[in-house]
Structure formats: structure tokens, C-alpha cells
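Engineer: Data file start_2.txt (compact mmCIF, N, CA and C atoms and all ligand atoms) is appended below.
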```txt
# COMPACT_ATOMS: atom_id res chain seq x y z
N MET A 1 30.39 7.79 -24.02
CA MET A 1 28.94 7.71 -23.94
C MET A 1 28.53 6.44 -23.18
N THR A 2 27.53 6.56 -22.38
CA THR A 2 27.08 5.39 -21.63
C THR A 2 25.80 4.83 -22.24
N THR A 3 25.68 3.54 -22.16
CA THR A 3 24.46 2.91 -22.68
C THR A 3 23.46 2.64 -21.54
N GLU A 4 23.89 2.98 -20.33
CA GLU A 4 23.00 2.75 -19.19
C GLU A 4 21.78 3.66 -19.25
N THR A 5 20.66 3.12 -18.90
CA THR A 5 19.47 3.97 -18.84
C THR A 5 19.06 4.11 -17.38
N VAL A 6 18.53 5.24 -17.04
CA VAL A 6 18.07 5.45 -15.68
C VAL A 6 16.60 5.09 -15.63
N LYS A 7 16.31 4.06 -14.85
CA LYS A 7 14.92 3.61 -14.77
C LYS A 7 14.09 4.60 -13.97
N LYS A 8 12.92 4.85 -14.45
CA LYS A 8 12.04 5.79 -13.77
C LYS A 8 11.52 5.16 -12.47
N SER A 9 11.59 5.93 -11.39
CA SER A 9 11.06 5.37 -10.15
C SER A 9 9.73 6.04 -9.80
N VAL A 10 8.90 5.28 -9.16
CA VAL A 10 7.57 5.75 -8.80
C VAL A 10 7.44 5.75 -7.29
N LEU A 11 7.11 6.90 -6.72
CA LEU A 11 6.91 6.99 -5.26
C LEU A 11 5.44 6.70 -4.95
N VAL A 12 5.24 5.76 -4.03
CA VAL A 12 3.89 5.28 -3.73
C VAL A 12 3.61 5.45 -2.23
N ALA A 13 2.48 6.04 -1.91
CA ALA A 13 2.04 6.16 -0.50
C ALA A 13 1.14 4.96 -0.21
N VAL A 14 1.49 4.20 0.84
CA VAL A 14 0.78 2.96 1.17
C VAL A 14 0.32 3.03 2.62
N GLY A 15 -0.93 2.63 2.86
CA GLY A 15 -1.47 2.74 4.22
C GLY A 15 -1.76 1.40 4.87
N VAL A 16 -1.26 1.25 6.11
CA VAL A 16 -1.61 0.07 6.90
C VAL A 16 -2.72 0.52 7.85
N VAL A 17 -3.92 0.00 7.60
CA VAL A 17 -5.09 0.37 8.39
C VAL A 17 -5.46 -0.81 9.27
N GLU A 18 -5.54 -0.57 10.57
CA GLU A 18 -5.79 -1.63 11.53
C GLU A 18 -7.07 -1.32 12.28
N ASN A 19 -7.81 -2.36 12.67
CA ASN A 19 -9.00 -2.11 13.49
C ASN A 19 -8.70 -2.50 14.94
N PRO A 20 -9.63 -2.23 15.86
CA PRO A 20 -9.34 -2.52 17.28
C PRO A 20 -9.10 -4.01 17.55
N ARG A 21 -9.56 -4.88 16.65
CA ARG A 21 -9.28 -6.32 16.84
C ARG A 21 -7.90 -6.71 16.33
N GLY A 22 -7.15 -5.74 15.81
CA GLY A 22 -5.82 -6.04 15.31
C GLY A 22 -5.81 -6.61 13.90
N GLU A 23 -6.95 -6.49 13.20
CA GLU A 23 -6.99 -6.95 11.81
C GLU A 23 -6.56 -5.83 10.88
N LEU A 24 -6.05 -6.22 9.71
CA LEU A 24 -5.54 -5.25 8.74
C LEU A 24 -6.42 -5.24 7.51
N PHE A 25 -6.58 -4.06 6.94
CA PHE A 25 -7.48 -3.94 5.78
C PHE A 25 -6.67 -4.07 4.49
N ILE A 26 -7.03 -5.07 3.67
CA ILE A 26 -6.32 -5.27 2.40
C ILE A 26 -7.31 -5.32 1.24
N CYS A 27 -6.81 -5.04 0.06
CA CYS A 27 -7.63 -5.01 -1.15
C CYS A 27 -6.95 -5.87 -2.21
N ARG A 28 -7.75 -6.30 -3.18
CA ARG A 28 -7.15 -7.06 -4.27
C ARG A 28 -7.03 -6.18 -5.50
N ARG A 29 -5.87 -6.21 -6.12
CA ARG A 29 -5.63 -5.38 -7.29
C ARG A 29 -6.41 -5.91 -8.50
N GLY A 30 -6.77 -5.01 -9.39
CA GLY A 30 -7.60 -5.36 -10.54
C GLY A 30 -6.81 -5.97 -11.69
N ALA A 31 -7.55 -6.50 -12.65
CA ALA A 31 -6.97 -7.19 -13.81
C ALA A 31 -6.03 -6.30 -14.61
N SER A 32 -6.37 -5.01 -14.72
CA SER A 32 -5.61 -4.13 -15.61
C SER A 32 -4.46 -3.43 -14.88
N GLN A 33 -4.30 -3.69 -13.59
CA GLN A 33 -3.26 -3.00 -12.84
C GLN A 33 -1.94 -3.77 -12.83
N HIS A 34 -0.84 -3.02 -12.61
CA HIS A 34 0.46 -3.64 -12.36
C HIS A 34 0.28 -4.61 -11.19
N GLN A 35 0.94 -5.77 -11.22
CA GLN A 35 0.81 -6.77 -10.15
C GLN A 35 -0.66 -7.21 -9.99
N ALA A 36 -1.29 -7.44 -11.14
CA ALA A 36 -2.70 -7.78 -11.19
C ALA A 36 -3.06 -8.94 -10.26
N TYR A 37 -4.19 -8.80 -9.61
CA TYR A 37 -4.80 -9.80 -8.73
C TYR A 37 -4.06 -10.06 -7.42
N LYS A 38 -2.90 -9.41 -7.23
CA LYS A 38 -2.24 -9.58 -5.93
C LYS A 38 -3.02 -8.78 -4.89
N TRP A 39 -2.90 -9.17 -3.64
CA TRP A 39 -3.49 -8.39 -2.56
C TRP A 39 -2.54 -7.26 -2.20
N GLU A 40 -3.06 -6.18 -1.67
CA GLU A 40 -2.21 -5.02 -1.38
C GLU A 40 -2.76 -4.26 -0.19
N PHE A 41 -1.92 -3.39 0.36
CA PHE A 41 -2.40 -2.38 1.28
C PHE A 41 -2.81 -1.20 0.41
N PRO A 42 -3.94 -0.58 0.70
CA PRO A 42 -4.41 0.48 -0.19
C PRO A 42 -3.42 1.64 -0.28
N GLY A 43 -3.44 2.31 -1.41
CA GLY A 43 -2.54 3.44 -1.61
C GLY A 43 -2.35 3.70 -3.08
N GLY A 44 -1.46 4.60 -3.40
CA GLY A 44 -1.21 4.89 -4.81
C GLY A 44 -0.11 5.92 -4.98
N LYS A 45 0.09 6.29 -6.22
CA LYS A 45 1.21 7.14 -6.58
C LYS A 45 1.09 8.56 -6.00
N VAL A 46 2.22 9.06 -5.53
CA VAL A 46 2.28 10.43 -5.03
C VAL A 46 2.35 11.35 -6.25
N GLU A 47 1.42 12.28 -6.34
CA GLU A 47 1.39 13.19 -7.49
C GLU A 47 2.29 14.40 -7.26
N ALA A 48 2.64 15.08 -8.34
CA ALA A 48 3.51 16.26 -8.25
C ALA A 48 2.90 17.27 -7.28
N GLY A 49 3.73 17.79 -6.40
CA GLY A 49 3.28 18.81 -5.46
C GLY A 49 2.64 18.28 -4.19
N GLU A 50 2.51 16.95 -4.09
CA GLU A 50 1.91 16.35 -2.90
C GLU A 50 2.97 15.84 -1.94
N THR A 51 2.67 15.89 -0.66
CA THR A 51 3.50 15.19 0.32
C THR A 51 2.96 13.76 0.41
N VAL A 52 3.74 12.88 1.03
CA VAL A 52 3.29 11.49 1.18
C VAL A 52 2.00 11.42 2.01
N PRO A 53 1.91 12.11 3.16
CA PRO A 53 0.63 12.05 3.90
C PRO A 53 -0.56 12.60 3.11
N GLN A 54 -0.32 13.63 2.30
CA GLN A 54 -1.41 14.15 1.46
C GLN A 54 -1.86 13.11 0.43
N ALA A 55 -0.89 12.46 -0.20
CA ALA A 55 -1.22 11.44 -1.19
C ALA A 55 -1.94 10.28 -0.53
N LEU A 56 -1.48 9.90 0.65
CA LEU A 56 -2.12 8.78 1.37
C LEU A 56 -3.57 9.12 1.68
N ALA A 57 -3.81 10.33 2.18
CA ALA A 57 -5.18 10.74 2.51
C ALA A 57 -6.05 10.73 1.26
N ARG A 58 -5.54 11.24 0.15
CA ARG A 58 -6.31 11.27 -1.09
C ARG A 58 -6.61 9.85 -1.59
N GLU A 59 -5.58 9.02 -1.63
CA GLU A 59 -5.75 7.65 -2.15
C GLU A 59 -6.71 6.84 -1.27
N LEU A 60 -6.60 6.98 0.06
CA LEU A 60 -7.47 6.17 0.92
C LEU A 60 -8.91 6.68 0.88
N ALA A 61 -9.10 7.98 0.63
CA ALA A 61 -10.46 8.50 0.43
C ALA A 61 -11.03 7.94 -0.88
N GLU A 62 -10.22 7.95 -1.94
CA GLU A 62 -10.68 7.49 -3.26
C GLU A 62 -10.91 5.98 -3.31
N GLU A 63 -10.00 5.23 -2.71
CA GLU A 63 -10.04 3.77 -2.88
C GLU A 63 -10.88 3.06 -1.83
N ILE A 64 -10.84 3.53 -0.57
CA ILE A 64 -11.56 2.79 0.48
C ILE A 64 -12.48 3.67 1.33
N GLY A 65 -12.66 4.93 0.91
CA GLY A 65 -13.67 5.79 1.52
C GLY A 65 -13.46 6.17 2.97
N ILE A 66 -12.21 6.24 3.42
CA ILE A 66 -11.99 6.73 4.79
C ILE A 66 -11.28 8.07 4.78
N GLU A 67 -11.47 8.80 5.87
CA GLU A 67 -10.77 10.07 6.05
C GLU A 67 -9.62 9.80 7.03
N VAL A 68 -8.39 9.93 6.55
CA VAL A 68 -7.23 9.70 7.41
C VAL A 68 -7.05 10.92 8.30
N LEU A 69 -7.04 10.71 9.61
CA LEU A 69 -6.86 11.82 10.55
C LEU A 69 -5.43 11.91 11.04
N ALA A 70 -4.76 10.77 11.11
CA ALA A 70 -3.36 10.77 11.55
C ALA A 70 -2.66 9.52 11.02
N CYS A 71 -1.37 9.68 10.70
CA CYS A 71 -0.58 8.52 10.28
C CYS A 71 0.85 8.70 10.75
N GLN A 72 1.56 7.58 10.84
CA GLN A 72 2.98 7.68 11.21
C GLN A 72 3.83 6.80 10.30
N PRO A 73 5.09 7.24 10.04
CA PRO A 73 5.95 6.45 9.16
C PRO A 73 6.13 5.04 9.71
N PHE A 74 6.07 4.06 8.84
CA PHE A 74 6.24 2.66 9.25
C PHE A 74 7.51 2.08 8.63
N MET A 75 7.61 2.14 7.32
CA MET A 75 8.86 1.76 6.66
C MET A 75 8.85 2.22 5.21
N ARG A 76 10.05 2.19 4.62
CA ARG A 76 10.20 2.60 3.23
C ARG A 76 10.91 1.47 2.50
N ILE A 77 10.38 1.08 1.36
CA ILE A 77 10.95 -0.05 0.62
C ILE A 77 11.17 0.34 -0.83
N GLU A 78 12.38 0.07 -1.31
CA GLU A 78 12.63 0.26 -2.75
C GLU A 78 12.65 -1.12 -3.37
N HIS A 79 11.92 -1.27 -4.47
CA HIS A 79 11.88 -2.58 -5.11
C HIS A 79 11.88 -2.41 -6.63
N ASP A 80 12.74 -3.19 -7.27
CA ASP A 80 12.84 -3.14 -8.73
C ASP A 80 12.08 -4.31 -9.32
N TYR A 81 10.98 -4.01 -10.00
CA TYR A 81 10.19 -5.06 -10.64
C TYR A 81 10.71 -5.39 -12.04
N GLY A 82 11.80 -4.71 -12.43
CA GLY A 82 12.31 -4.92 -13.79
C GLY A 82 11.66 -3.94 -14.74
N ASP A 83 10.34 -4.01 -14.83
CA ASP A 83 9.61 -3.07 -15.70
C ASP A 83 9.40 -1.74 -14.99
N LYS A 84 9.68 -1.69 -13.71
CA LYS A 84 9.29 -0.55 -12.90
C LYS A 84 10.01 -0.56 -11.57
N LEU A 85 10.53 0.60 -11.15
CA LEU A 85 11.18 0.71 -9.85
C LEU A 85 10.24 1.45 -8.91
N VAL A 86 9.82 0.80 -7.86
CA VAL A 86 8.88 1.47 -6.95
C VAL A 86 9.53 1.79 -5.61
N ILE A 87 9.15 2.90 -5.07
CA ILE A 87 9.55 3.27 -3.70
C ILE A 87 8.26 3.34 -2.91
N LEU A 88 8.08 2.38 -2.02
CA LEU A 88 6.85 2.36 -1.20
C LEU A 88 7.14 3.11 0.10
N ASP A 89 6.39 4.15 0.37
CA ASP A 89 6.48 4.86 1.65
C ASP A 89 5.25 4.44 2.45
N ILE A 90 5.47 3.50 3.37
CA ILE A 90 4.35 2.89 4.08
C ILE A 90 4.11 3.62 5.40
N ARG A 91 2.87 3.99 5.63
CA ARG A 91 2.48 4.70 6.86
C ARG A 91 1.44 3.88 7.59
N LYS A 92 1.53 3.90 8.91
CA LYS A 92 0.46 3.30 9.71
C LYS A 92 -0.60 4.35 9.93
N VAL A 93 -1.82 4.04 9.61
CA VAL A 93 -2.92 4.98 9.82
C VAL A 93 -3.36 4.81 11.27
N THR A 94 -3.13 5.84 12.08
CA THR A 94 -3.39 5.71 13.52
C THR A 94 -4.74 6.28 13.93
N ALA A 95 -5.38 7.06 13.06
CA ALA A 95 -6.74 7.55 13.33
C ALA A 95 -7.43 7.82 12.01
N PHE A 96 -8.69 7.39 11.93
CA PHE A 96 -9.44 7.66 10.70
C PHE A 96 -10.94 7.70 10.99
N ASN A 97 -11.67 8.34 10.11
CA ASN A 97 -13.13 8.36 10.15
C ASN A 97 -13.66 7.48 9.04
N GLY A 98 -14.77 6.82 9.32
CA GLY A 98 -15.43 6.04 8.27
C GLY A 98 -15.12 4.56 8.39
N THR A 99 -15.76 3.79 7.52
CA THR A 99 -15.60 2.33 7.49
C THR A 99 -14.97 1.96 6.16
N PRO A 100 -13.75 1.40 6.20
CA PRO A 100 -13.09 1.06 4.94
C PRO A 100 -13.90 0.06 4.12
N HIS A 101 -14.02 0.33 2.83
CA HIS A 101 -14.67 -0.61 1.91
C HIS A 101 -14.15 -0.31 0.51
N GLY A 102 -14.17 -1.31 -0.35
CA GLY A 102 -13.61 -1.13 -1.70
C GLY A 102 -14.53 -0.25 -2.54
N LEU A 103 -14.10 0.97 -2.80
CA LEU A 103 -14.93 1.93 -3.54
C LEU A 103 -14.78 1.82 -5.04
N GLU A 104 -13.78 1.07 -5.48
CA GLU A 104 -13.53 0.98 -6.92
C GLU A 104 -13.88 -0.41 -7.43
N GLY A 105 -14.75 -1.09 -6.70
CA GLY A 105 -15.19 -2.44 -7.09
C GLY A 105 -14.20 -3.54 -6.74
N GLN A 106 -13.11 -3.18 -6.06
CA GLN A 106 -12.09 -4.18 -5.75
C GLN A 106 -12.50 -5.00 -4.52
N PRO A 107 -12.24 -6.32 -4.55
CA PRO A 107 -12.47 -7.12 -3.35
C PRO A 107 -11.61 -6.57 -2.21
N SER A 108 -12.14 -6.59 -1.01
CA SER A 108 -11.37 -6.08 0.13
C SER A 108 -11.82 -6.80 1.38
N ARG A 109 -10.97 -6.85 2.38
CA ARG A 109 -11.34 -7.51 3.64
C ARG A 109 -10.40 -7.18 4.78
N TRP A 110 -10.91 -7.42 6.00
CA TRP A 110 -10.09 -7.32 7.20
C TRP A 110 -9.46 -8.69 7.44
N VAL A 111 -8.17 -8.71 7.68
CA VAL A 111 -7.47 -9.98 7.86
C VAL A 111 -6.64 -9.95 9.15
N PRO A 112 -6.77 -10.97 9.99
CA PRO A 112 -5.91 -11.03 11.18
C PRO A 112 -4.44 -11.16 10.75
N LEU A 113 -3.56 -10.56 11.53
CA LEU A 113 -2.12 -10.57 11.22
C LEU A 113 -1.62 -12.00 10.93
N ALA A 114 -2.07 -12.95 11.73
CA ALA A 114 -1.60 -14.33 11.59
C ALA A 114 -2.03 -14.96 10.26
N GLU A 115 -3.00 -14.37 9.59
CA GLU A 115 -3.48 -14.94 8.32
C GLU A 115 -2.97 -14.21 7.08
N LEU A 116 -2.18 -13.15 7.29
CA LEU A 116 -1.70 -12.37 6.15
C LEU A 116 -0.90 -13.22 5.16
N HIS A 117 -0.18 -14.22 5.69
CA HIS A 117 0.65 -15.03 4.79
C HIS A 117 -0.18 -15.94 3.88
N ASP A 118 -1.49 -16.01 4.10
CA ASP A 118 -2.36 -16.77 3.19
C ASP A 118 -2.67 -16.00 1.92
N TYR A 119 -2.27 -14.73 1.89
CA TYR A 119 -2.60 -13.87 0.75
C TYR A 119 -1.34 -13.58 -0.06
N GLU A 120 -1.50 -13.54 -1.38
CA GLU A 120 -0.34 -13.26 -2.22
C GLU A 120 -0.22 -11.75 -2.44
N PHE A 121 0.87 -11.18 -1.93
CA PHE A 121 1.16 -9.75 -2.07
C PHE A 121 2.22 -9.56 -3.15
N PRO A 122 2.37 -8.33 -3.68
CA PRO A 122 3.48 -8.07 -4.60
C PRO A 122 4.82 -8.36 -3.88
N ALA A 123 5.83 -8.72 -4.64
CA ALA A 123 7.12 -9.11 -4.06
C ALA A 123 7.69 -8.04 -3.13
N ALA A 124 7.44 -6.78 -3.44
CA ALA A 124 7.97 -5.69 -2.61
C ALA A 124 7.45 -5.73 -1.18
N ASN A 125 6.32 -6.39 -0.96
CA ASN A 125 5.65 -6.31 0.33
C ASN A 125 6.17 -7.23 1.42
N GLY A 126 7.04 -8.16 1.07
CA GLY A 126 7.53 -9.11 2.07
C GLY A 126 7.97 -8.46 3.38
N PRO A 127 8.84 -7.43 3.32
CA PRO A 127 9.31 -6.81 4.56
C PRO A 127 8.20 -6.15 5.39
N ILE A 128 7.11 -5.75 4.74
CA ILE A 128 6.01 -5.10 5.49
C ILE A 128 5.36 -6.14 6.40
N VAL A 129 5.03 -7.27 5.81
CA VAL A 129 4.36 -8.32 6.56
C VAL A 129 5.29 -8.80 7.69
N ASN A 130 6.58 -8.96 7.38
CA ASN A 130 7.54 -9.39 8.41
C ASN A 130 7.63 -8.40 9.56
N LYS A 131 7.66 -7.11 9.25
CA LYS A 131 7.79 -6.10 10.32
C LYS A 131 6.51 -6.03 11.15
N LEU A 132 5.37 -6.16 10.51
CA LEU A 132 4.11 -6.14 11.28
C LEU A 132 4.11 -7.29 12.29
N ARG A 133 4.56 -8.44 11.86
CA ARG A 133 4.60 -9.60 12.75
C ARG A 133 5.63 -9.41 13.85
N ALA A 134 6.81 -8.90 13.50
CA ALA A 134 7.87 -8.68 14.49
C ALA A 134 7.41 -7.67 15.54
N ASP A 135 6.76 -6.59 15.10
CA ASP A 135 6.28 -5.55 16.03
C ASP A 135 5.24 -6.13 16.98
N ALA A 136 4.38 -7.01 16.46
CA ALA A 136 3.31 -7.58 17.28
C ALA A 136 3.89 -8.52 18.35
N GLU A 137 5.03 -9.12 18.04
CA GLU A 137 5.65 -10.08 18.99
C GLU A 137 6.48 -9.37 20.05
N SER A 138 6.90 -8.13 19.78
CA SER A 138 7.81 -7.46 20.73
C SER A 138 7.04 -6.74 21.83
N1 LIG B 201 -1.12 0.50 -3.35
C1 LIG B 201 -0.14 -0.37 -3.29
N2 LIG B 201 0.77 -0.44 -4.30
C2 LIG B 201 1.74 -1.36 -4.19
C3 LIG B 201 1.86 -2.24 -3.07
N3 LIG B 201 2.94 -3.03 -3.24
C4 LIG B 201 3.49 -2.71 -4.44
O1 LIG B 201 4.49 -3.23 -4.94
N4 LIG B 201 2.77 -1.68 -5.03
C5 LIG B 201 3.08 -1.08 -6.32
O2 LIG B 201 3.02 0.33 -6.27
C6 LIG B 201 2.68 0.86 -7.55
C7 LIG B 201 1.68 2.00 -7.50
O3 LIG B 201 0.50 1.69 -6.86
P1 LIG B 201 -0.95 1.86 -7.50
O4 LIG B 201 -1.08 1.09 -8.77
O5 LIG B 201 -1.89 1.53 -6.38
O6 LIG B 201 -1.07 3.38 -7.87
P2 LIG B 201 -2.44 4.19 -8.10
O7 LIG B 201 -3.43 3.84 -7.01
O8 LIG B 201 -2.02 5.63 -8.27
O9 LIG B 201 -3.04 3.49 -9.39
P3 LIG B 201 -3.38 3.71 -10.86
O10 LIG B 201 -2.10 3.67 -11.62
O11 LIG B 201 -4.22 2.49 -11.14
O12 LIG B 201 -4.13 5.00 -10.93
C8 LIG B 201 2.19 -0.30 -8.40
O13 LIG B 201 3.22 -0.61 -9.32
C9 LIG B 201 2.06 -1.45 -7.40
O14 LIG B 201 2.34 -2.69 -8.00
C10 LIG B 201 0.90 -2.16 -2.02
O15 LIG B 201 0.90 -2.87 -1.01
N5 LIG B 201 -0.08 -1.20 -2.19
MG MG B 202 -3.79 2.24 -5.79
```
Can you give me the file's structure in the form of C-alpha cells?

Structural biologist:
Amino acid sequence: MTTETVKKSVLVAVGVVENPRGELFICRRGASQHQAYKWEFPGGKVEAGETVPQALARELAEEIGIEVLACQPFMRIEHDYGDKLVILDIRKVTAFNGTPHGLEGQPSRWVPLAELHDYEFPAANGPIVNKLRADAES
């Protein structure tokens, strides 16, 4: 018999939304949420029967009021928070309708790429910020 337990993993659809000035839209997580008060890219858990793009479109409509018209895979990150194993499937939103704003009362803002490091993100997000910067330099 094994005493090992299999930790439940959560698949999360995350959207990188950029404006024509090259700024990125970020939100601050609420007091009652996992990783409370950290800044994040909007998104949420993929529900049963949903594809990642479907979940992304639903979450971005619910959280920031935009209609995602097109997205492309950006990167996938697995991160173990100890209490929770998350798999972030990050997509770049390449076309959308509407003006992003925090629909759930969460603080939100457009931030230039060079200023992203001034914001505290969940530990899983390090590689996202690094890749965005690397892509911008290449
Ligand atoms: N949306 C989002 N979630 C992230 C990011 N980075 C990161 O580690 N996560 C983690 O992904 C998990 C799920 O995201 P979520 O809490 O937004 O899920 P949700 O919108 O369905 O929320 P809910 O549980 O409040 O209904 C959380 O444990 C969160 O800490 C990020 O940049 N954006
Ligand atoms: Mg969410």
C-alpha cells in the first residue's frame, strides 16, 4: 500500500490582453481568493466540458467585460503551491471587442511591459513575465 496522495490539479485559462501601445491588462486578486491581493492576468478555472479557449472567453467576459475574438497559445506552466497544483494555459488575446475593466470590483489597470516587475504576481507567473520581455526584445 502506498501512502502517497495524488494532489488535485486545476487547469486554468489565463489571458494576456495587450493594447496598441503595448500595455498589458492586469487585475488584482481579492481578499478571499487563493493568492490574495497578488496581481494577475485575468482568467479562471476551465470547467468540465469546456475547451481552454471557451473557458478563456467566458472568464474574460465575466471578469473584464470583453468579447474574445481570437487567441493563440503563449505558454503552459505547471506550478505546485503546496496547497494546490495549478496548470496555467496562457493564451495571447489577439483580437477582442470592448474595453477591459474590472467587472467584479477588482482593481485593474494597463501596465507597460517595462513596469510589470513593479507588481507582485503569484509565483507561477514568473516565466510569463520573462517570456513577454524576451519576445519584445527579439
Ligand atoms: N486568473 C489567474 N489565475 C492565476 C494566475 N496565476 C496563478 O497562479 N493563478 C492561479 O490559478 C488558480 C485559478 O484561478 P482563479 O482563482 O482566477 O479561478 P476562477 O476565476 O475560476 O475563480 P474562483 O475560484 O474565484 O471562481 C488560482 O489558484 C490562482 O492563484 C494568473 O495570472 N491569473
Ligand atoms: Mg479568475

Engineer: So which residues touch Ala13 (chain A) within 5 Å, counting all atoms listed in the file, skipping near sequence neighbours fewer than 5 positions away, as a ChimeraX atom specification?

Structural biologist: /A:43-46,89

Engineer: Taking a cut-off of 8 Å and counting all atoms listed in the file, can you build a table that, for each residue of region 44-105 of chain A near region 115-130 of chain A, reports the nearest atom pair and how far apart they are in Å (one decimal), sorted by chain then residue number, as CSV?

Structural biologist:
```
residue,atom,partner,partner_atom,distance
A:Phe74,C,A:Ile128,CA,8.0
A:Met75,CA,A:Ile128,CA,7.5
A:Ile77,CA,A:Ala124,C,6.9
A:Glu78,C,A:Ala124,CA,6.6
A:His79,CA,A:Ala124,CA,5.6
A:Asp80,N,A:Ala124,CA,7.1
A:Tyr81,CA,A:Ala124,N,7.9
```

Engineer: Mind giving me the straight-line distance from CA of Pro112 (chain A) to CA of Leu11 (chain A) in Å, one decimal?

Structural biologist: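 Separation of CA of Pro112 (chain A) and CA of Leu11 (chain A): 27.6 Å.
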
Engineer: Measuring between all atoms listed in the file, which one of A:Val86, A:Glu23, A:His34, A:Glu59 shows the shortest distance to Ala114 (chain A)?

Structural biologist: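 Of the candidates, the smallest distance to Ala114 (chain A) is held by A:Glu23.
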
Engineer: Box along x, y and z, 4 Å on every side, all listed atoms of region 98-112 of chain A inside: centre and edge lengths in Å to one decimal, as AutoDock Vina command-line options.

Structural biologist:
```
--center_x -10.1 --center_y -2.2 --center_z 1.9 --size_x 19.3 --size_y 26.0 --size_z 26.6
```

Engineer: Taking only region 22-124 of chain A into account, list the residues labelled strand (DSSP E or B) by DSSP (computed from the backbone), as number ranges by chain.

Structural biologist: A: 23-28, 39-40, 43-45, 67-80, 85-97, 108-112

Engineer: My list of candidates is A:Glu137, A:Glu67, A:Asp83, A:Glu62. Which is closest to Gly102 (chain A) when distances are computed with only C-alpha atoms?

Structural biologist: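 The shortest atom-to-atom distance to Gly102 (chain A) comes from A:Glu62.
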
Engineer: Measuring between only N, CA and C atoms and all ligand atoms, which one of A:Asn97, A:Asp135, A:Glu63, A:Ala31 shows the shortest distance to ligand MG 202 (chain B)?

Structural biologist: A:Glu63

Engineer: Using only C-alpha atoms and all ligand atoms, I'd like a table of the residues in chain A that come within 12 Å of ligand MG 202 (chain B); for each, show the closest atom pair and its distance in Å rounded to one decimal, ordered by chain and ascending number, as JSON lines.

Structural biologist:
```
{"residue": "A:Leu11", "atom": "CA", "partner": "B:MG202", "partner_atom": "MG", "distance": 11.7}
{"residue": "A:Val12", "atom": "CA", "partner": "B:MG202", "partner_atom": "MG", "distance": 8.5}
{"residue": "A:Ala13", "atom": "CA", "partner": "B:MG202", "partner_atom": "MG", "distance": 8.8}
{"residue": "A:Val14", "atom": "CA", "partner": "B:MG202", "partner_atom": "MG", "distance": 8.4}
{"residue": "A:Gly15", "atom": "CA", "partner": "B:MG202", "partner_atom": "MG", "distance": 10.3}
{"residue": "A:Ile26", "atom": "CA", "partner": "B:MG202", "partner_atom": "MG", "distance": 11.4}
{"residue": "A:Cys27", "atom": "CA", "partner": "B:MG202", "partner_atom": "MG", "distance": 9.4}
{"residue": "A:Arg28", "atom": "CA", "partner": "B:MG202", "partner_atom": "MG", "distance": 10.0}
{"residue": "A:Arg29", "atom": "CA", "partner": "B:MG202", "partner_atom": "MG", "distance": 8.0}
{"residue": "A:Gly30", "atom": "CA", "partner": "B:MG202", "partner_atom": "MG", "distance": 9.7}
{"residue": "A:Ser32", "atom": "CA", "partner": "B:MG202", "partner_atom": "MG", "distance": 11.8}
{"residue": "A:Gln33", "atom": "CA", "partner": "B:MG202", "partner_atom": "MG", "distance": 8.8}
{"residue": "A:His34", "atom": "CA", "partner": "B:MG202", "partner_atom": "MG", "distance": 9.8}
{"residue": "A:Gln35", "atom": "CA", "partner": "B:MG202", "partner_atom": "MG", "distance": 11.0}
{"residue": "A:Ala36", "atom": "CA", "partner": "B:MG202", "partner_atom": "MG", "distance": 11.4}
{"residue": "A:Lys38", "atom": "CA", "partner": "B:MG202", "partner_atom": "MG", "distance": 11.9}
{"residue": "A:Trp39", "atom": "CA", "partner": "B:MG202", "partner_atom": "MG", "distance": 11.1}
{"residue": "A:Glu40", "atom": "CA", "partner": "B:MG202", "partner_atom": "MG", "distance": 8.6}
{"residue": "A:Phe41", "atom": "CA", "partner": "B:MG202", "partner_atom": "MG", "distance": 8.6}
{"residue": "A:Pro42", "atom": "CA", "partner": "B:MG202", "partner_atom": "MG", "distance": 5.9}
{"residue": "A:Gly43", "atom": "CA", "partner": "B:MG202", "partner_atom": "MG", "distance": 4.5}
{"residue": "A:Gly44", "atom": "CA", "partner": "B:MG202", "partner_atom": "MG", "distance": 3.8}
{"residue": "A:Lys45", "atom": "CA", "partner": "B:MG202", "partner_atom": "MG", "distance": 7.0}
{"residue": "A:Val46", "atom": "CA", "partner": "B:MG202", "partner_atom": "MG", "distance": 10.2}
{"residue": "A:Ala55", "atom": "CA", "partner": "B:MG202", "partner_atom": "MG", "distance": 10.6}
{"residue": "A:Leu56", "atom": "CA", "partner": "B:MG202", "partner_atom": "MG", "distance": 9.8}
{"residue": "A:Ala57", "atom": "CA", "partner": "B:MG202", "partner_atom": "MG", "distance": 12.0}
{"residue": "A:Arg58", "atom": "CA", "partner": "B:MG202", "partner_atom": "MG", "distance": 10.5}
{"residue": "A:Glu59", "atom": "CA", "partner": "B:MG202", "partner_atom": "MG", "distance": 6.8}
{"residue": "A:Leu60", "atom": "CA", "partner": "B:MG202", "partner_atom": "MG", "distance": 8.6}
{"residue": "A:Ala61", "atom": "CA", "partner": "B:MG202", "partner_atom": "MG", "distance": 11.1}
{"residue": "A:Glu62", "atom": "CA", "partner": "B:MG202", "partner_atom": "MG", "distance": 9.0}
{"residue": "A:Glu63", "atom": "CA", "partner": "B:MG202", "partner_atom": "MG", "distance": 7.1}
{"residue": "A:Ile64", "atom": "CA", "partner": "B:MG202", "partner_atom": "MG", "distance": 10.0}
{"residue": "A:Leu88", "atom": "CA", "partner": "B:MG202", "partner_atom": "MG", "distance": 11.6}
{"residue": "A:Gly102", "atom": "CA", "partner": "B:MG202", "partner_atom": "MG", "distance": 11.2}
{"residue": "A:Leu103", "atom": "CA", "partner": "B:MG202", "partner_atom": "MG", "distance": 11.4}
{"residue": "A:Glu104", "atom": "CA", "partner": "B:MG202", "partner_atom": "MG", "distance": 9.9}
{"residue": "A:Gln106", "atom": "CA", "partner": "B:MG202", "partner_atom": "MG", "distance": 10.5}
```

Engineer: For a test of reading the model, state the distance in Å between atom C8 of ligand LIG 201 (chain B) and CA of Pro20 (chain A), rounded to one decimal.

Structural biologist: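 According to the coordinates, atom C8 of ligand LIG 201 (chain B) and CA of Pro20 (chain A) are separated by 28.2 Å.
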
Engineer: What gap, in Å, lies between CA of Gly98 (chain A) and atom O13 of ligand LIG 201 (chain B)?

Structural biologist: 26.5 Å

Engineer: Taking the DSSP assignment computed from this structure's backbone, write out as JSON, numbers by chain all residues of region 8-120 of chain A that belong to alpha helix (DSSP H).

Structural biologist: {"A": [52, 53, 54, 55, 56, 57, 58, 59, 60, 61, 62, 63, 64]}
